[in-house]
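Presented below is the structure to which this report refers.
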Amino acid sequence: MRWGVLQFPGSCDERDALHACERAGGEARLVWHEERGLDDVDAVVVPGGFSYGDYLRAGAIARFSPAMEAVADFAAAGGPVLGICNGFQVLCEAGLLPGALLVNEGMRFVCRQVELLADGPISHVSRGKSAHRRLSIPAKHGEGRYWAPDEVLDGLEANGQVAFRYAPGQNPNGSAREIAGVRNAAGNVLGLMPHPEHAVDEMTGSTDGLRVFESVAGVPA
Amino acid sequence: MTPAGADAGVDGGPSLTPPPSTRAEQPAAYEVLGLKETEYRLIVEKLGREPNGVELAMFSLLWSEHCAYKHSRKLLRRLPTEGERVVMGPGENAGAVDIGGGCAVAFKVESHNHPSAVEPFEGAATGVGGILRDVFALGARPIAILDSLRFGELDSLRSRHLLDGAVRGIGHYGNSIGVPTVGGEICFEAPYEHNCLVNAMCVGLAKREQMVRAAAAGVGNALVLMGASTGRDGIGGASVLASAELGEGDAAKRPTVQIGDPFEESKLLECCLELLGEGLLVSLQDLGAAGLTSSASEMASAGGVGVDIDVARVPLREADMEPFEIMVSESQERMLAVVEPAKIAEVVAVCEKWQTGAAEIGAVAGHGLVRVLHGAEVVGEMPVEALVDGCPLYDLDPAAPEGWIYDNRATLDPDASAAETLLALLAAPSVASKRWAFEQYDSIVGSRTARRPESADAAVLAIPEAGTAIAVSIDGNGRRVACDPYAGTVEAVLECAQNLACAGAEPLGLTNCLNFGNPEKPAPAWQLDRSVQGLADACEALGVPVVGGNVSLYNEGPEGPIYPTPVVGMVGELPEAGAAAPSAFAAEGDAICLLGPFEPTLEGSELAKQRGELGPGLPQPEVAAVAAACAAVRDAVRTGALASAHDVSDGGLACALAECAIGAGLGCRVDLQHLRERGCTPEEALFGEGSGGFVLSGERRRLEALANDGVAVLYLGQVGGEEIEIAAGDRSLSLPLADAETAWRSLGERI
């Protein structure tokens with residue numbers, strides 16, 4: 001398994017993601033934002049951080065980078081893509097995932113360990129494991145309130161595209177229908193606000209995040 | 001800011017004609033810029049002529065208190081700075097200690113008090129940005145931020161405004177740049193009402209072979225200015241703002257506060273580390289207070305050389321900036337590098353990759369001067385020695401004040417029961433949980449944070465690169481220092497050492513930020529003098545070198561000086577991050593013991609504050625005995641003998657026990673009878689404060705085995721139940737754990 005982890009100016013969690021990919025099994029390399037070649041990777045991670053400073057709107061600039069054009073092609077060809085936090089925002093901005101991430105309901109950045117429920121029997125995460133699996137993973141963001149029009153949310157739920165929800169009482173940002181992460185219709189692009197790359201080592205709190213990486217690795221290319 | 005009362009002169013700087021002394025109706029230009037007349041005369045003597053506007057602007061900044069340490073430098077000579085593990089000491093951008101494996105940890109704490117008092121969001125944000133640059137200027141990657149904040153009482157709207165702005169500013173910068181904020185402290189005391197304190201500490205990790213010093217070297221080498229372009233922000237920040245008391249009209253000083261851009265700094269950080277990793281730089285220095293003036297002059301001074309700087313080659317935000325403005329601008333996110341001519345093209349290429357600026361603005365010269373050029377024209381020419389080391393150093397004129405010089409305000413009902421008193425102490429803003437603040441900070445980026453805020457007494461960071469881990473603590477209780485500047489400062493050092501001991505760490509080095517009032521007044525001068533002596537003696541006794549620091553004076557508002565506040569940051573090493581003890585109790589049935597030479601009194605305590613009974617005087621801490629207790633706890637943590645470890649601090653033993661219980665969701669049942677045998681009253685045993693106490697939990701046999709000739713261990717009771725039950729004679733108390741937790745977690749809703 002060869003992972004490519006995008007690196008924009010202003011990325012923060014790219015090294016953590018690289019490390020997590022390696023822990024999940026496989027090799028990983030950084031993909032500079034000006035690169036267009038993803039031929040050598042089997043899966044792509046769009047990591048967390050503040051790409052290009054995120055002064056305009058989170059992810060709004062990064063979506064125009066050459067590397068994101070390559071990611072769009074990669075995803076269209078069925079390649080697995082995982083967007084974490086800012087990466088999720090970038091994927092939404094790029095139209096690779098439905099919905100948008102708004103400023104947290106509390107209007108403040110929040111860094112907190114949260115409980116997630118991996119949603120639905122067809123979730124890649126829960127494949128081969130019991131459905132509604134609970135994961136303990138940290139969240140840290142200022143713009144993480146998932147939002148989409150009701151009809152879109154209805155469609156996501158009907159199609160099983162809601163990948164993660166915050167467990168009851170755990171929603172840190174006011175996300176619609178407790179949604180923490182979604183997948184595209186084809187199922188190969190996954191985005192979530194909490195940070196699985198920061199839950200791969202007991203020393204730092206939890207290893208539940210490894211399952212997210214393992215599930216992405218398991219998506220047929 | 002063009003200083004009021006100074007006309008634009010021929011060189012673009014403040015005009016000196018007519019001669020300053022003859023302008024009776026207006027203050028002289030040098031006065032407006034913060035220089036004394038005697039200092040101005042000295043400048044004239046050293047130059048052999050009157051300085052022109054550019055030169056005067058540069059002198060006024062480098063001879064400011066903020067840059068020259070003119071009222072503190074003599075005192076700081078008392079501090080021990082040497083140690084086997086010291087890699088870099090005071091005088092560099094930051095201090096650094098060796099942690100083995102070819103690695104070093106660099107760290108420093110710095111104040112950004114006055115900018116934060118004027119504009120808290122940007123003041124605090126740029127405080128973080130500045131301390132990060134100090135650390136990566138050494139070639140170290142920043143891996144942690146800690147903050148020590150002081151505000152007026154929480155019931156003041158102004159304090160809540162400053163708190164909110166400072167916390168958001170710290171989060172804005174640290175979160176965006178991807179450096180975790182792993183710890184810190186926030187205290188609320190009326191004397192900080194007008195003059196809040198924002199001290200930021202950064203810890204970085206470096207490969208020793210990649211570290212650089214901030215000394216210019218190699219005549220003919222180029223000076224390359226990297227990062228953001230230069231604007232008019234922050235002009236006069238070091239002198240007009242940082243080296244004077246706050247007072248009326250501070251809003252007009254807002255233009256002296258800089259605006260932070262963490263994205264720019266993120267690129268600059270990565271760029272600098274890549275340049276150093278590839279060996280492309282001779283030396284590197286950040287641009288902080290006094291901007292290009294101080295970085296260029298100090299690099300020249302450290303290298304024993306001179307520099308030529310052509311201001312026409314400095315990339316500007318505003319085309320019409322005057323030479324003096326360019327030289328003193330405190331625009332953020334800039335670094336100055338010395339580069340060999342053959343490597344300039346490579347340096348520029350790396351800067352382009354990171355989309356950050358790079359301009360060759362001058363050269364290292366052999367003439368021993370700081371020469372400022374504007375194209376072909378020389379607009380300023382000063383000996384490096386005069387600029388950097390020429391400022392007179394002053395002796396203080398200290399005098400102990402008569403009695404207590406601060407207000408007392410009783411807020412606690414005199415008839416409060418012991419349980420009500422405990423609730424009031426737990427809810428005290430300085431004692432209560434700071435979750436509201438630390439949840440606004442990314443504390444985990446970097447994947448090193450083994451102990452998040454409030455889970456242990458010190459922040460614990462894994463350093464797999466060196467096969468080790470570090471613990472970091474920052475502390476300082478201004479109220480106690482006000483009671484006794486010497487003992488209070490010793491306590492601050494001991495508190496840090498105790499925090500590190502709870503994590504199983506051995507201290508390696510210390511940094512400090514000395515926040516005091518106006519040193520030209522006798523009482524603040526006395527506080528500073530006694531405090532530095534306490535710092536020196538405590539560090540000497542513990543064998544912990546002071547590797548760097550910062551002094552912030554003139555912290556006064558219209559009501560008088562702040563509490564004298566030495567903030568101490570300490571870094572220690574532990575073999576394994578996972579071994580650090582949590583501060584919360586772990587399991588029902590575990591024994592609870594008190595270890596150490598803890599002899600609590602109410603002097604200077606949170607309870608004395610709430611009763612309006614503060615006054616001068618503290619017991620003198622027994623440093624050697626506390627050090628022995630620290631060693632015992634450290635060893636016990638490392639061998640896994642403890643289930644939890646928490647030092648006794650604000651609010652005394654009752655608050656420490658409650659914090660251990662709340663964190664675990666487990667009650668406790670203890671008896672303080674044995675403590676009372678040390679001569680404490682029930683009240684002192686419950687709520688008294690002082691150094692040297694550790695609350696430990698675990699297996700009773702293993703805890704009691706920690707006692708030795710120099711270390712006392714008292715069995716107090718057991719973990720369990722849903723109450724905090726403390727037997728203390730006629731002040732015995734029983735409090736539902738849920739009530740204690742509600743009080744302790746009440747801060748967020750009160751902001």
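Labeling convention for the structure tokens: chains A, B, ... as they appear, residues from 1 per chain, ligands from 1 in order of appearance.
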
For His195 (chain A), find every residue with an atom within 7 Å (counting only C-alpha atoms), except residues of its own chain fewer than 4 positions away, and show them as a PyMOL selection string.
chain A and resi 84-85+137-139

Take the residues from that selection and put them in a file with N, CA and C atoms, as a PDB file, in the first residue's frame.
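Everything below was put into selection30.pdb:
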```pdb
ATOM      1  N   ILE A  84      -9.198  14.793   5.930  1.00  0.00           N
ATOM      2  CA  ILE A  84      -9.322  14.968   7.378  1.00  0.00           C
ATOM      3  C   ILE A  84      -9.358  16.452   7.691  1.00  0.00           C
ATOM      4  N   CYS A  85     -10.407  16.883   8.393  1.00  0.00           N
ATOM      5  CA  CYS A  85     -10.498  18.261   8.868  1.00  0.00           C
ATOM      6  C   CYS A  85     -10.359  19.246   7.714  1.00  0.00           C
ATOM      7  N   ILE A 137     -11.824   9.564  19.068  1.00  0.00           N
ATOM      8  CA  ILE A 137     -10.885  10.268  18.189  1.00  0.00           C
ATOM      9  C   ILE A 137     -10.949  11.756  18.528  1.00  0.00           C
ATOM     10  N   PRO A 138      -9.814  12.464  18.524  1.00  0.00           N
ATOM     11  CA  PRO A 138      -9.902  13.895  18.835  1.00  0.00           C
ATOM     12  C   PRO A 138     -10.418  14.732  17.663  1.00  0.00           C
ATOM     13  N   ALA A 139     -11.134  15.773  17.990  1.00  0.00           N
ATOM     14  CA  ALA A 139     -11.547  16.765  16.992  1.00  0.00           C
ATOM     15  C   ALA A 139     -10.874  18.078  17.356  1.00  0.00           C
TER      16      ALA A 139
END
```

Give me the region 177-214 of chain A side of the contact with region 24-46 of chain A, cut-off 12 Å, one line per residue showing its nearest atom pair and distance in Å at one decimal, counting only C-alpha atoms, sorted by chain and residue number, as CSV.
```
residue,atom,partner,partner_atom,distance
A:Asn188,CA,A:Ala43,CA,9.7
A:Val189,CA,A:Val44,CA,9.5
A:Leu190,CA,A:Val45,CA,9.6
A:Gly191,CA,A:Val46,CA,9.0
A:Leu192,CA,A:Val46,CA,10.7
A:Met193,CA,A:Val46,CA,11.8
A:His195,CA,A:Val46,CA,11.6
A:Pro196,CA,A:Ala24,CA,11.0
A:Glu197,CA,A:Ala24,CA,9.8
A:Ala199,CA,A:Ala24,CA,11.2
A:Val200,CA,A:Ala24,CA,8.2
A:Asp201,CA,A:Ala24,CA,10.8
A:Thr207,CA,A:Ala24,CA,10.2
A:Asp208,CA,A:Ala24,CA,11.0
A:Gly209,CA,A:Ala24,CA,9.2
A:Leu210,CA,A:Ala24,CA,5.8
A:Arg211,CA,A:Ala24,CA,8.0
A:Val212,CA,A:Ala24,CA,9.1
A:Phe213,CA,A:Ala24,CA,6.2
A:Glu214,CA,A:Ala24,CA,6.0
```

Per residue of chain A within 9 Å of chain B, what are the shortest atom pair and its distance in Å to one decimal, counting only C-alpha atoms, with rows by chain and residue number, as JSON lines?
```
{"residue": "A:Pro9", "atom": "CA", "partner": "B:Lys267", "partner_atom": "CA", "distance": 6.2}
{"residue": "A:Gly10", "atom": "CA", "partner": "B:Phe263", "partner_atom": "CA", "distance": 5.8}
{"residue": "A:Ser11", "atom": "CA", "partner": "B:Gly178", "partner_atom": "CA", "distance": 7.7}
{"residue": "A:Cys12", "atom": "CA", "partner": "B:Gly178", "partner_atom": "CA", "distance": 4.6}
{"residue": "A:Asp13", "atom": "CA", "partner": "B:Val445", "partner_atom": "CA", "distance": 6.4}
{"residue": "A:Arg15", "atom": "CA", "partner": "B:Gly446", "partner_atom": "CA", "distance": 7.4}
{"residue": "A:Asp16", "atom": "CA", "partner": "B:Gly446", "partner_atom": "CA", "distance": 6.1}
{"residue": "A:Gly49", "atom": "CA", "partner": "B:Ser176", "partner_atom": "CA", "distance": 6.8}
{"residue": "A:Phe50", "atom": "CA", "partner": "B:Ser176", "partner_atom": "CA", "distance": 5.7}
{"residue": "A:Ser51", "atom": "CA", "partner": "B:Phe263", "partner_atom": "CA", "distance": 8.3}
{"residue": "A:Tyr52", "atom": "CA", "partner": "B:Phe263", "partner_atom": "CA", "distance": 6.6}
{"residue": "A:Gly53", "atom": "CA", "partner": "B:Phe263", "partner_atom": "CA", "distance": 4.7}
{"residue": "A:Asp54", "atom": "CA", "partner": "B:Phe263", "partner_atom": "CA", "distance": 8.4}
{"residue": "A:Tyr55", "atom": "CA", "partner": "B:Phe263", "partner_atom": "CA", "distance": 8.9}
{"residue": "A:Arg108", "atom": "CA", "partner": "B:Gln440", "partner_atom": "CA", "distance": 6.7}
{"residue": "A:Phe109", "atom": "CA", "partner": "B:Gln440", "partner_atom": "CA", "distance": 4.9}
{"residue": "A:Val110", "atom": "CA", "partner": "B:Gln440", "partner_atom": "CA", "distance": 5.0}
{"residue": "A:Cys111", "atom": "CA", "partner": "B:Glu439", "partner_atom": "CA", "distance": 4.8}
{"residue": "A:Arg112", "atom": "CA", "partner": "B:Glu439", "partner_atom": "CA", "distance": 6.4}
{"residue": "A:Pro138", "atom": "CA", "partner": "B:Ile444", "partner_atom": "CA", "distance": 8.6}
{"residue": "A:Lys140", "atom": "CA", "partner": "B:Asp442", "partner_atom": "CA", "distance": 6.3}
{"residue": "A:His141", "atom": "CA", "partner": "B:Asp442", "partner_atom": "CA", "distance": 8.2}
{"residue": "A:Gly142", "atom": "CA", "partner": "B:Gln440", "partner_atom": "CA", "distance": 8.7}
{"residue": "A:Glu197", "atom": "CA", "partner": "B:Ser447", "partner_atom": "CA", "distance": 8.5}
{"residue": "A:His198", "atom": "CA", "partner": "B:Ser447", "partner_atom": "CA", "distance": 6.3}
{"residue": "A:Ala199", "atom": "CA", "partner": "B:Ser447", "partner_atom": "CA", "distance": 8.9}
{"residue": "A:Asp201", "atom": "CA", "partner": "B:Ser447", "partner_atom": "CA", "distance": 8.8}
{"residue": "A:Glu202", "atom": "CA", "partner": "B:Gly578", "partner_atom": "CA", "distance": 8.7}
{"residue": "A:Met203", "atom": "CA", "partner": "B:Ala450", "partner_atom": "CA", "distance": 5.6}
{"residue": "A:Thr204", "atom": "CA", "partner": "B:Ala450", "partner_atom": "CA", "distance": 4.7}
{"residue": "A:Gly205", "atom": "CA", "partner": "B:Ala450", "partner_atom": "CA", "distance": 7.3}
```

I'd like the interatomic distance between CA of Ala94 (chain A) and CA of Ala176 (chain A), to a tenth of an Å.
20.4 Å

Find the residues of region 122-158 of chain B that sit at most 10 Å from region 313-337 of chain B; for each, write down the nearest two atoms and how far apart they are in Å, to one decimal. Count only C-alpha atoms. Sort by chain, then by number going up, and give it as CSV.
```
residue,atom,partner,partner_atom,distance
B:Thr126,CA,B:Gln332,CA,7.4
B:Gly129,CA,B:Glu333,CA,7.5
B:Gly130,CA,B:Gln332,CA,7.7
B:Leu132,CA,B:Glu333,CA,10.0
B:Arg133,CA,B:Glu333,CA,7.8
B:Asp134,CA,B:Met335,CA,9.7
B:Ala137,CA,B:Met335,CA,7.9
```

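Comparing B:Leu422, B:Ala302, B:Ala104, B:Ala740 by their smallest distance to Val388 (chain B), the closest is B:Ala302 (using only C-alpha atoms).
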
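Note that the spacing between CA of Glu14 (chain A) and CA of Leu276 (chain B) amounts to 20.7 Å.
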
Identify, with DSSP run on backbone atoms, the residues in region 44-190 of chain A assigned to alpha helix (DSSP H), and express the list as number ranges by chain.
A: 66-76, 86-93, 150-158

Could those residues be written to a file, using C-alpha atoms, as a JSON list (two decimals), in the first residue's frame?
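Heads up, here's the output in out_17.json:
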```json
[["chain", "number", "residue", "atom", "x", "y", "z"],
["A", 66, "PRO", "CA", -2.54, 21.48, -9.13],
["A", 67, "ALA", "CA", -2.41, 18.57, -6.67],
["A", 68, "MET", "CA", -6.16, 18.83, -6.12],
["A", 69, "GLU", "CA", -6.77, 18.62, -9.86],
["A", 70, "ALA", "CA", -4.81, 15.39, -9.75],
["A", 71, "VAL", "CA", -6.83, 14.21, -6.76],
["A", 72, "ALA", "CA", -10.07, 14.86, -8.65],
["A", 73, "ASP", "CA", -8.85, 12.65, -11.51],
["A", 74, "PHE", "CA", -7.62, 10.05, -9.04],
["A", 75, "ALA", "CA", -10.99, 9.98, -7.30],
["A", 76, "ALA", "CA", -12.90, 9.86, -10.59],
["A", 86, "ASN", "CA", -9.07, 20.87, 6.49],
["A", 87, "GLY", "CA", -8.83, 18.04, 3.96],
["A", 88, "PHE", "CA", -12.56, 17.41, 4.39],
["A", 89, "GLN", "CA", -13.18, 21.12, 3.87],
["A", 90, "VAL", "CA", -11.03, 21.07, 0.72],
["A", 91, "LEU", "CA", -12.88, 18.04, -0.67],
["A", 92, "CYS", "CA", -16.24, 19.75, -0.07],
["A", 93, "GLU", "CA", -14.98, 22.95, -1.70],
["A", 150, "ASP", "CA", -32.31, 18.89, 4.09],
["A", 151, "GLU", "CA", -32.98, 17.09, 0.82],
["A", 152, "VAL", "CA", -29.26, 16.48, 0.40],
["A", 153, "LEU", "CA", -29.01, 15.19, 3.97],
["A", 154, "ASP", "CA", -31.98, 12.92, 3.35],
["A", 155, "GLY", "CA", -30.27, 11.57, 0.26],
["A", 156, "LEU", "CA", -26.99, 11.00, 2.11],
["A", 157, "GLU", "CA", -28.78, 9.04, 4.79],
["A", 158, "ALA", "CA", -30.82, 7.05, 2.26]]
```

With a distance cut-off of 8 Å and only C-alpha atoms, select the neighbouring residues of Ala501 (chain B), excluding the residue or stretch itself and same-chain residues fewer than 2 positions from it, and output the selection as JSON, numbers by chain.
{"B": [497, 498, 499, 503, 504, 505, 506, 630, 631, 633, 634, 637]}

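CA of Ala418 (chain B) is found 26.7 Å from CA of Ala482 (chain B).
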
Pick out each residue of region 547-656 of chain B that DSSP on the backbone tags as strand (DSSP E or B); I need them as JSON, numbers by chain.
{"B": [547, 548, 549, 550, 551, 552, 556, 557, 560, 561, 565, 566, 567, 568, 569, 570, 571, 572, 573, 574, 591, 592, 593, 594, 595, 601, 611, 644, 645, 646, 647]}

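Residue nearest Val532 (chain B), chosen from B:Asn550, B:Asn195, B:Ser605, B:Thr489 and counting only C-alpha atoms: B:Thr489.
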
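By chain and then residue number, the residues within 8 Å of Ile726 (chain B) are Ala654, Arg669, Val670, Asp671, Leu672, Ser732, Leu733 and Ser734 of chain B, counting only C-alpha atoms and disregarding those fewer than 6 positions away in sequence.
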
Within 8 Å of Leu393 (chain B) using only C-alpha atoms, minus same-chain residues under 2 positions, as a VMD selection string
chain B and resid 69 to 71 73 to 74 391 395

Name all residues at most 7 Å from Val338 (chain B) (count only C-alpha atoms; drop same-chain ones fewer than 2 positions away) and give them as a ChimeraX atom specification.
/B:216,221-224,281-284,336,340

Limited to N, CA and C atoms, could you put the picked residues into a file as a compact mmCIF listing (two decimals), in the first residue's frame?
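Everything below was put into selection16.txt:
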```
# COMPACT_ATOMS: atom_id res chain seq x y z
N ALA B 216 26.67 37.29 13.08
CA ALA B 216 27.09 37.55 11.70
C ALA B 216 28.55 37.19 11.56
N ASN B 221 29.88 38.39 3.15
CA ASN B 221 28.65 37.58 3.08
C ASN B 221 27.44 38.49 3.00
N ALA B 222 26.39 37.95 2.40
CA ALA B 222 25.19 38.76 2.18
C ALA B 222 24.25 38.69 3.36
N LEU B 223 23.52 39.78 3.57
CA LEU B 223 22.39 39.78 4.51
C LEU B 223 21.13 39.59 3.68
N VAL B 224 20.40 38.53 3.98
CA VAL B 224 19.17 38.25 3.23
C VAL B 224 17.99 38.38 4.18
N LEU B 281 22.74 28.40 5.30
CA LEU B 281 22.84 29.66 6.03
C LEU B 281 24.05 29.67 6.97
N VAL B 282 24.69 30.82 7.06
CA VAL B 282 25.78 30.99 8.03
C VAL B 282 25.18 31.25 9.41
N SER B 283 24.19 32.12 9.44
CA SER B 283 23.51 32.40 10.71
C SER B 283 22.14 32.98 10.43
N LEU B 284 21.34 33.02 11.50
CA LEU B 284 19.93 33.38 11.33
C LEU B 284 19.45 34.09 12.59
N LEU B 336 16.29 37.44 9.37
CA LEU B 336 17.48 37.95 8.70
C LEU B 336 18.54 36.86 8.72
N GLU B 340 26.46 32.97 2.35
CA GLU B 340 27.64 33.11 1.49
C GLU B 340 27.18 33.45 0.08
```
